[in-house]
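**Q** Got a structure here, written out as structure tokens. Questions coming.
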There are 2 protein chains.
Amino acid sequence: VKKDNGPARGMRDLLPEVMRVRDDLMGIITDVYRGYGYGRIETPCLEDIARLSSNEGGENEKLVYRVLKRGLEPDLLGQESVASLVDLGLRFDLTVPLTRFYANNHAVLPQPFRSLQIGSVWRAERPQKGRYRQFTQCDIDIIGEATVLAEAELIEATLTALSRLGLEDLNVRLSDRRILAALAQAADIPAECTGSLFITLDKLDKLGWDGVKAELRARGFEPASVEKSAELVAELQGVAANSRWDILPKILPALSESVCEDMATTAACLGRMFADGVVSWAFDPTLVRGMGYYTGQIFEVAHPGSTSSIAGGGRYDKLIGKTLGQDMPACGFSLGFERIAELVTTETAEDKLAVIIEEDVAIADAVSAARSLRQDGRIVSVIRRRGQFGQLLSRLEAERYTSYIVCKTDGIEDERTLSPRRAEREPRQRPAE
Amino acid sequence: VKKDNGPARGMRDLLPEVMRVRDDLMGIITDVYRGYGYGRIETPCLEDIARLSSNEGGENEKLVYRVLKRGLEPDLLGQESVASLVDLGLRFDLTVPLTRFYANNHAVLPQPFRSLQIGSVWRAERPQKGRYRQFTQCDIDIIGEATVLAEAELIEATLTALSRLGLEDLNVRLSDRRILAALAQAADIPAECTGSLFITLDKLDKLGWDGVKAELRARGFEPASVEKSAELVAELQGVAANSRWDILPKILPALSESVCEDMATTAACLGRMFADGVVSWAFDPTLVRGMGYYTGQIFEVAHPGSTSSIAGGGRYDKLIGKTLGQDMPACGFSLGFERIAELVTTETAEDKLAVIIEEDVAIADAVSAARSLRQDGRIVSVIRRRGQFGQLLSRLEAERYTSYIVCKTDGIEDERTLSPRRAEREPRQRPAE
């Protein structure tokens with residue numbers, strides 16, 4: 001493979017075998033969400049650069065691929081800055097476009113609006129194994145539903161989709177940003193520092209308590225606040241173990257009753273949803289989620305095969321209002337499509353027939369013969385015979401054909417089976433770069 | 001709708017109703033092509049800017065959205081040109097990426113390789129009604145098949161897909177670039193001017209012969225060459241009417257015998273393919289096709305509902321070699337997906353049930369009720385009751401629900417039907433800009 005014909009840096013070509021799996025996954029995911037009333041929408045991959053620099057995207061905004069204005073003169077005379085040359089950028093997520101889409105189209109959308117988006121996003125991250133600069137996101141969102149009906153439905157639909165994909169031993173972590181805010185308040189942490197607290201707290205499973213406390217002190221938090229935060233988290237973990245939502249306000253006096261009710265309701269929904277034990281779930285007061293725009297419950301799905309979560313989301317009641325001009329409750333869940341595609345290895349055994357055409361057969365006869373065999377919906381490919389027959393059969397096996405027919409001038413021979421399994425010893429896809 | 005929340009200039013938001021139709025079309029198209037052994041592939045939307053400026057893309061290369069290098073300093077000091085800031089661009093078609101893909105991956109691809117691509121492309125064209133700066137292309141290509149088996153199969157598969165979509169009265173126009181080249185030679189037109197001849201000839205149906213002759217003279221062609229060209233086209237149209245491929249070399253002495261054999265073979269395939277008369281076809285010596293890279297047979301599909309063709313393609317045996325480093329026969333067919341999506345209005349009657357939840361019903365009960373109704377694969381959406389019941393029902397009808405169930409604290413009422421047809425009087429999608 002010539003190096004200079006590779007895809008752009010940090011990106012990849014998807015080969016037929018890989019695409020078949022991805023298409024199957026997307027089909028199953030779409031089917032499940034459609035059953036809940038989610039309709040697919042699509043927005044342009046390019047958005048105004050100002051919209052991609054509004055601060056809601058956090059660190060991702062630094063990773064935007066910026067697009068030049070059209071009709072620029074080839075020289076740079078009179079231009080003062082790179083920014084003056086740019087008007088568009090490639091989206092880094094599907095949430096920013098969704099808020100614009102909703103503001104633009106809300107008058108003709110159902111209420112509440114259930115949206116399903118599957119699409120590419122771009123981030124100019126440092127290339128590393130298994131992470132690509134163009135990748136697929138899959139988001140569902142409910143806009144216009146203020147109660148935790150939204151949360152419960154999003155979690156149920158997503159877990160249903162994931163188990164339909166064959167993923168087992170799923171674990172849901174659930175918390176609420178308002179609990180985190182009340183915790184910060186109870187620990188005497190100023191409102192403007194809560195973001196910093198959450199970022200460190202999020203690392204608890206990696207750093208342990210000693211590491212988290214050290215980092216918090218290094219970030220300038222009062223030792224008393226650090227200790228108090230740790231105590232409160234420990235108490236909340238006790239609540240989690242016993243599902244005693246009524247105790248929450250005793251630990252966190254600033255917590256409003258509705259937060260406890262919401263937790264109890266989502267907990268009740270989760271408890272009844274998966275009575276068969278396929279899915280486990282827990283309140284986890286150390287769950288933070290990265291984005292700054294969450295305002296209520298937040299949740300993640302973990303799978304034993306993946307070190308990071310395979311799906312995550314939460315309520316963001318203030319985000320759409322910034323674009324729409326009036327507050328609008330919203331809640332979303334994003335599947336880590338790329339991680340899921342790595343976990344799921346569907347072995348769809350396809351019925352693939354090769355129609356081998358001898359050199360002297362008229363092409364119109366060959367095409368007709370294949371057409372008649374294609375009637376019953378199977379995959380039928382025409383291959384002109386070249387070279388040694390044994391080598392041809394080996395190649396067809398490597399290409400996962402399951403059977404073949406030889407088409408000669410005097411007619412078609414009987415169908416014979418091939419052993420595509422043999423091909424699995426040979427790698428069919430180069431490993432990810 | 002606030003103007004400043006619209007999509008980027010020349011682009012569009014696709015609403016759920018529109019996406020449902022597009023997804024259905026793509027599903028049918030993919031199914032048909034898969035039956036012939038075409039496997040979907042995907043390449044990154046971004047390609048190296050040099051690859052998008054190699055001249056194979058013709059006029060489209062002027063319409064590329066150019067992407068800035070990452071890590072640029074914000075000021076422009078020391079930069080000499082806009083070009084020095086750019087390293088990537090958004091693809092304007094799927095053929096340039098396919099040639100790179102093939103060169104990069106040919107060692108692990110089947111022989112011949114049957115590729116299906118469905119993806120977005122971008123062109124910064126002057127915005128106009130019905131044309132967008134981001135749109136979907138759908139291409140199938142056979143790489144590595146030198147005979148017109150490729151042409152015959154591509155045409156059959158494409159016509160099968162189009163008729164599966166419900167499109168009738170399809171008409172195929174067929175010609176060969178080698179016939180056009182021989183015609184130019186017979187009319188004493190220098191080889192370097194044939195491109196110019198073809199561009200004008202392509203306008204015959206719009207300009208008529210008087211217009212074409214005038215334009216050719218204005219382009220500087222010798223009057224004798226212009227008259228000879230017109231005579232030869234008229235003679236070739238006689239061949240077309242009688243399918244007398246054996247006469248071709250008498251009209252065009254420079255034509256090789258294999259061109260005539262190829263025409264006869266493709267004609268024989270087309271004749272046997274659609275014996276039922278659903279599809280008509282004809283040799284059309286005025287067919288040109290825009291791209292410069294075609295080397296053999298070219299073809300288009302017309303539909304009475306569209307002024308321009310809805311699919312087009314041809315053989316390009318020299319294009320892949322430029323990237324791969326060795327000649328590789330190839331033939332492709334591109335569906336005009338956007339035009340087809342306008343022609344096909346699938347009226348998929350969906351079974352959509354609204355579960356209306358009274359205010360005092362526990363959310364966990366509501367979610368359970370909906371889950372039990374969702375078992376048999378129908379679309380079930382939960383709607384919390386708000387406002388007047390009559391207004392709610394009207395809204396549900398407008399949102400194309402077909403029935404509803406009211407969920408109260410004492411249980412679920414009987415299912416009642418709605419009349420979503422009523423909604424069709426109201427526009428559900430704003431017209432294209």
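FYI, nothing fancy with the structure tokens labels: chains A, B, ... in order, residues from 1 per chain, ligands from 1 as they appear.
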Where does stretch 8-88 of chain B meet stretch 136-157 of chain B within 8 Å, residue by residue, with the nearest atom pair and distance in Å to one decimal for each, counting only C-alpha atoms, listed by chain and rising number, as a Markdown table?

**A**
| residue | atom | partner | partner_atom | distance |
| --- | --- | --- | --- | --- |
| B:Val32 | CA | B:Ala157 | CA | 7.0 |
| B:Tyr33 | CA | B:Ala157 | CA | 6.3 |
| B:Tyr36 | CA | B:Ala157 | CA | 7.2 |
| B:Tyr38 | CA | B:Ile140 | CA | 7.5 |

**Q** Could you give me, as a Markdown table, every chain B residue with an atom at most 7 Å from chain A, plus its closest atom pair and distance in Å to one decimal, counting only C-alpha atoms, rows ordered by chain then number?

**A**
| residue | atom | partner | partner_atom | distance |
| --- | --- | --- | --- | --- |
| B:Val1 | CA | A:Asn104 | CA | 5.5 |
| B:Lys2 | CA | A:Asn104 | CA | 6.5 |
| B:Asn5 | CA | A:Asn104 | CA | 5.3 |
| B:Gly6 | CA | A:Asn104 | CA | 5.7 |
| B:Pro7 | CA | A:Glu47 | CA | 7.0 |
| B:Ala8 | CA | A:Glu47 | CA | 5.8 |
| B:Met11 | CA | A:Pro44 | CA | 6.4 |
| B:Arg12 | CA | A:Pro44 | CA | 6.4 |
| B:Asp13 | CA | A:Thr43 | CA | 4.7 |
| B:Leu14 | CA | A:Glu42 | CA | 5.0 |
| B:Leu15 | CA | A:Ile41 | CA | 5.2 |
| B:Pro16 | CA | A:Gly39 | CA | 5.0 |
| B:Met19 | CA | A:Ile41 | CA | 6.1 |
| B:Arg34 | CA | A:Ile379 | CA | 6.5 |
| B:Gly35 | CA | A:Ile379 | CA | 4.2 |
| B:Tyr36 | CA | A:Val380 | CA | 5.3 |
| B:Gly37 | CA | A:Ser381 | CA | 5.2 |
| B:Gly39 | CA | A:Pro16 | CA | 5.0 |
| B:Arg40 | CA | A:Pro16 | CA | 5.2 |
| B:Ile41 | CA | A:Pro16 | CA | 5.2 |
| B:Glu42 | CA | A:Leu14 | CA | 5.0 |
| B:Thr43 | CA | A:Asp13 | CA | 4.7 |
| B:Pro44 | CA | A:Met11 | CA | 6.4 |
| B:Leu46 | CA | A:Ala8 | CA | 6.9 |
| B:Glu47 | CA | A:Ala8 | CA | 5.8 |
| B:Asp48 | CA | A:Ala8 | CA | 6.3 |
| B:Tyr65 | CA | A:Val67 | CA | 6.5 |
| B:Arg66 | CA | A:Leu68 | CA | 5.6 |
| B:Val67 | CA | A:Val67 | CA | 4.4 |
| B:Leu68 | CA | A:Arg66 | CA | 5.6 |
| B:Pro74 | CA | A:Val82 | CA | 5.4 |
| B:Asp75 | CA | A:Ser81 | CA | 4.4 |
| B:Leu76 | CA | A:Ser81 | CA | 5.3 |
| B:Glu80 | CA | A:Leu76 | CA | 6.3 |
| B:Ser81 | CA | A:Asp75 | CA | 4.4 |
| B:Val82 | CA | A:Pro74 | CA | 5.4 |
| B:Ala83 | CA | A:Pro74 | CA | 6.9 |
| B:Arg100 | CA | A:Asn5 | CA | 5.5 |
| B:Phe101 | CA | A:Asp13 | CA | 6.9 |
| B:Ala103 | CA | A:Asn5 | CA | 6.3 |
| B:Asn104 | CA | A:Asn5 | CA | 5.3 |
| B:Asn105 | CA | A:Val1 | CA | 7.0 |
| B:Val108 | CA | A:Arg428 | CA | 6.3 |
| B:Pro110 | CA | A:Glu399 | CA | 6.1 |
| B:Gln134 | CA | A:Pro44 | CA | 6.9 |
| B:Leu149 | CA | A:Ile363 | CA | 6.0 |
| B:Thr265 | CA | A:Ala364 | CA | 6.8 |
| B:Ala268 | CA | A:Ala364 | CA | 6.2 |
| B:Cys269 | CA | A:Ala364 | CA | 4.6 |
| B:Ile363 | CA | A:Leu149 | CA | 6.0 |
| B:Ala364 | CA | A:Cys269 | CA | 4.6 |
| B:Arg374 | CA | A:Gly35 | CA | 6.9 |
| B:Gly377 | CA | A:Gly35 | CA | 6.5 |
| B:Arg378 | CA | A:Gly35 | CA | 5.9 |
| B:Ile379 | CA | A:Gly35 | CA | 4.2 |
| B:Val380 | CA | A:Tyr36 | CA | 5.3 |
| B:Ser381 | CA | A:Gly37 | CA | 5.2 |
| B:Glu399 | CA | A:Pro110 | CA | 6.1 |
| B:Arg428 | CA | A:Val108 | CA | 6.3 |

**Q** Using Å and a single decimal, report how far atom CA of B:Ser306 sits from atom CA of B:Ile340.

**A**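 Result for atom CA of B:Ile340 versus atom CA of B:Ser306: 8.8 Å, one decimal.
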
**Q** So which one's closest to B:Thr402, B:Ala282, B:Val355, B:Val361, B:Ile298? Using only C-alpha atoms, please.

**A** B:Val355

**Q** Would you mind telling me which residue in B:Glu215, B:Glu338, B:Asp188, B:Asp360 lies nearest to B:Val21 when using only C-alpha atoms?

**A**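 Using only C-alpha atoms, the shortest distance to B:Val21 belongs to B:Glu338.
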
**Q** Do you know which residues are at most 10 Å from A:Val301 counting only C-alpha atoms, after dropping those on the same chain fewer than 2 positions away, and could you put them as JSON, numbers by chain?

**A** {"A": [155, 158, 159, 162, 170, 171, 172, 173, 174, 279, 280, 281, 299, 303, 308, 309, 310, 311, 312, 313, 335, 336]}

**Q** Those same residues - N, CA, C and O atoms - I'd like them written as a PDB file, in the first residue's frame.

**A**
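The file below, result-v7.pdb, is the result:
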ATOM      1  N   ILE A 155     -33.395   6.150  28.805  1.00  0.00           N
ATOM      2  CA  ILE A 155     -32.580   5.055  29.353  1.00  0.00           C
ATOM      3  C   ILE A 155     -33.141   3.713  28.893  1.00  0.00           C
ATOM      4  O   ILE A 155     -32.394   2.834  28.435  1.00  0.00           O
ATOM      5  N   THR A 158     -32.446   3.180  25.121  1.00  0.00           N
ATOM      6  CA  THR A 158     -31.026   2.953  24.847  1.00  0.00           C
ATOM      7  C   THR A 158     -30.588   1.574  25.311  1.00  0.00           C
ATOM      8  O   THR A 158     -29.870   0.867  24.592  1.00  0.00           O
ATOM      9  N   LEU A 159     -31.036   1.167  26.507  1.00  0.00           N
ATOM     10  CA  LEU A 159     -30.663  -0.156  26.991  1.00  0.00           C
ATOM     11  C   LEU A 159     -31.294  -1.243  26.131  1.00  0.00           C
ATOM     12  O   LEU A 159     -30.690  -2.298  25.896  1.00  0.00           O
ATOM     13  N   LEU A 162     -29.129  -1.431  23.054  1.00  0.00           N
ATOM     14  CA  LEU A 162     -27.840  -2.066  23.331  1.00  0.00           C
ATOM     15  C   LEU A 162     -27.992  -3.569  23.522  1.00  0.00           C
ATOM     16  O   LEU A 162     -27.158  -4.350  23.050  1.00  0.00           O
ATOM     17  N   LEU A 170     -24.836  -4.901  31.091  1.00  0.00           N
ATOM     18  CA  LEU A 170     -24.806  -3.447  31.043  1.00  0.00           C
ATOM     19  C   LEU A 170     -25.052  -2.888  32.434  1.00  0.00           C
ATOM     20  O   LEU A 170     -25.838  -3.432  33.206  1.00  0.00           O
ATOM     21  N   ASN A 171     -24.366  -1.801  32.742  1.00  0.00           N
ATOM     22  CA  ASN A 171     -24.550  -1.164  34.045  1.00  0.00           C
ATOM     23  C   ASN A 171     -24.815   0.328  33.855  1.00  0.00           C
ATOM     24  O   ASN A 171     -24.064   1.018  33.164  1.00  0.00           O
ATOM     25  N   VAL A 172     -25.903   0.800  34.482  1.00  0.00           N
ATOM     26  CA  VAL A 172     -26.271   2.211  34.389  1.00  0.00           C
ATOM     27  C   VAL A 172     -25.823   2.931  35.652  1.00  0.00           C
ATOM     28  O   VAL A 172     -26.070   2.448  36.762  1.00  0.00           O
ATOM     29  N   ARG A 173     -25.145   4.059  35.478  1.00  0.00           N
ATOM     30  CA  ARG A 173     -24.822   4.943  36.603  1.00  0.00           C
ATOM     31  C   ARG A 173     -25.703   6.173  36.459  1.00  0.00           C
ATOM     32  O   ARG A 173     -25.834   6.739  35.374  1.00  0.00           O
ATOM     33  N   LEU A 174     -26.298   6.587  37.572  1.00  0.00           N
ATOM     34  CA  LEU A 174     -27.270   7.675  37.550  1.00  0.00           C
ATOM     35  C   LEU A 174     -26.932   8.688  38.632  1.00  0.00           C
ATOM     36  O   LEU A 174     -26.573   8.313  39.748  1.00  0.00           O
ATOM     37  N   VAL A 279     -29.798  -5.981  33.180  1.00  0.00           N
ATOM     38  CA  VAL A 279     -29.179  -4.684  33.352  1.00  0.00           C
ATOM     39  C   VAL A 279     -29.132  -4.360  34.839  1.00  0.00           C
ATOM     40  O   VAL A 279     -30.105  -4.565  35.551  1.00  0.00           O
ATOM     41  N   SER A 280     -27.993  -3.849  35.285  1.00  0.00           N
ATOM     42  CA  SER A 280     -27.938  -3.371  36.664  1.00  0.00           C
ATOM     43  C   SER A 280     -27.806  -1.851  36.633  1.00  0.00           C
ATOM     44  O   SER A 280     -27.414  -1.280  35.629  1.00  0.00           O
ATOM     45  N   TRP A 281     -28.154  -1.236  37.731  1.00  0.00           N
ATOM     46  CA  TRP A 281     -28.014   0.221  37.760  1.00  0.00           C
ATOM     47  C   TRP A 281     -27.740   0.660  39.180  1.00  0.00           C
ATOM     48  O   TRP A 281     -28.022  -0.058  40.141  1.00  0.00           O
ATOM     49  N   PHE A 299     -26.555  10.442  33.276  1.00  0.00           N
ATOM     50  CA  PHE A 299     -26.469   8.982  33.298  1.00  0.00           C
ATOM     51  C   PHE A 299     -25.465   8.475  32.277  1.00  0.00           C
ATOM     52  O   PHE A 299     -25.176   9.129  31.280  1.00  0.00           O
ATOM     53  N   HIS A 303     -20.026  -1.056  30.040  1.00  0.00           N
ATOM     54  CA  HIS A 303     -20.013  -2.453  29.602  1.00  0.00           C
ATOM     55  C   HIS A 303     -18.652  -3.030  29.976  1.00  0.00           C
ATOM     56  O   HIS A 303     -17.634  -2.347  29.828  1.00  0.00           O
ATOM     57  N   SER A 308     -14.106   2.899  29.015  1.00  0.00           N
ATOM     58  CA  SER A 308     -14.922   4.105  29.151  1.00  0.00           C
ATOM     59  C   SER A 308     -16.379   3.757  28.870  1.00  0.00           C
ATOM     60  O   SER A 308     -16.683   2.672  28.373  1.00  0.00           O
ATOM     61  N   SER A 309     -17.282   4.682  29.210  1.00  0.00           N
ATOM     62  CA  SER A 309     -18.708   4.394  29.060  1.00  0.00           C
ATOM     63  C   SER A 309     -19.063   4.236  27.586  1.00  0.00           C
ATOM     64  O   SER A 309     -18.413   4.810  26.710  1.00  0.00           O
ATOM     65  N   ILE A 310     -20.101   3.450  27.291  1.00  0.00           N
ATOM     66  CA  ILE A 310     -20.506   3.252  25.897  1.00  0.00           C
ATOM     67  C   ILE A 310     -21.715   4.108  25.538  1.00  0.00           C
ATOM     68  O   ILE A 310     -22.132   4.125  24.381  1.00  0.00           O
ATOM     69  N   ALA A 311     -22.279   4.809  26.514  1.00  0.00           N
ATOM     70  CA  ALA A 311     -23.377   5.742  26.240  1.00  0.00           C
ATOM     71  C   ALA A 311     -23.472   6.688  27.422  1.00  0.00           C
ATOM     72  O   ALA A 311     -23.157   6.318  28.551  1.00  0.00           O
ATOM     73  N   GLY A 312     -23.886   7.914  27.158  1.00  0.00           N
ATOM     74  CA  GLY A 312     -24.009   8.872  28.244  1.00  0.00           C
ATOM     75  C   GLY A 312     -24.923  10.008  27.859  1.00  0.00           C
ATOM     76  O   GLY A 312     -25.090  10.314  26.671  1.00  0.00           O
ATOM     77  N   GLY A 313     -25.521  10.630  28.878  1.00  0.00           N
ATOM     78  CA  GLY A 313     -26.409  11.748  28.562  1.00  0.00           C
ATOM     79  C   GLY A 313     -26.941  12.400  29.811  1.00  0.00           C
ATOM     80  O   GLY A 313     -26.440  12.164  30.918  1.00  0.00           O
ATOM     81  N   LEU A 335     -25.096   7.531  22.127  1.00  0.00           N
ATOM     82  CA  LEU A 335     -24.419   6.235  22.084  1.00  0.00           C
ATOM     83  C   LEU A 335     -22.997   6.425  21.569  1.00  0.00           C
ATOM     84  O   LEU A 335     -22.786   7.137  20.589  1.00  0.00           O
ATOM     85  N   GLY A 336     -22.061   5.786  22.219  1.00  0.00           N
ATOM     86  CA  GLY A 336     -20.684   5.793  21.707  1.00  0.00           C
ATOM     87  C   GLY A 336     -20.591   4.794  20.566  1.00  0.00           C
ATOM     88  O   GLY A 336     -20.116   3.674  20.742  1.00  0.00           O
TER      89      GLY A 336
END

**Q** Record the distance separating atom CA of A:Arg22 and atom CA of A:Gln117, expressed in Å with one decimal.

**A**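 Going from atom CA of A:Arg22 over to atom CA of A:Gln117, I get 15.1 Å.
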
**Q** Per DSSP on the backbone, what are the strand (DSSP E) residues of stretch 12-187 of chain A, as a VMD selection string?

**A** chain A and resid 39 to 40 46 to 48 66 to 68 86 to 90 113 to 122 134 to 143 170 to 176

**Q** Provide the atom CA of A:Ala50 to atom CA of A:Leu197 distance in Å, to one decimal place.

**A**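 Rounded to one decimal, the two atoms are 29.1 Å apart.
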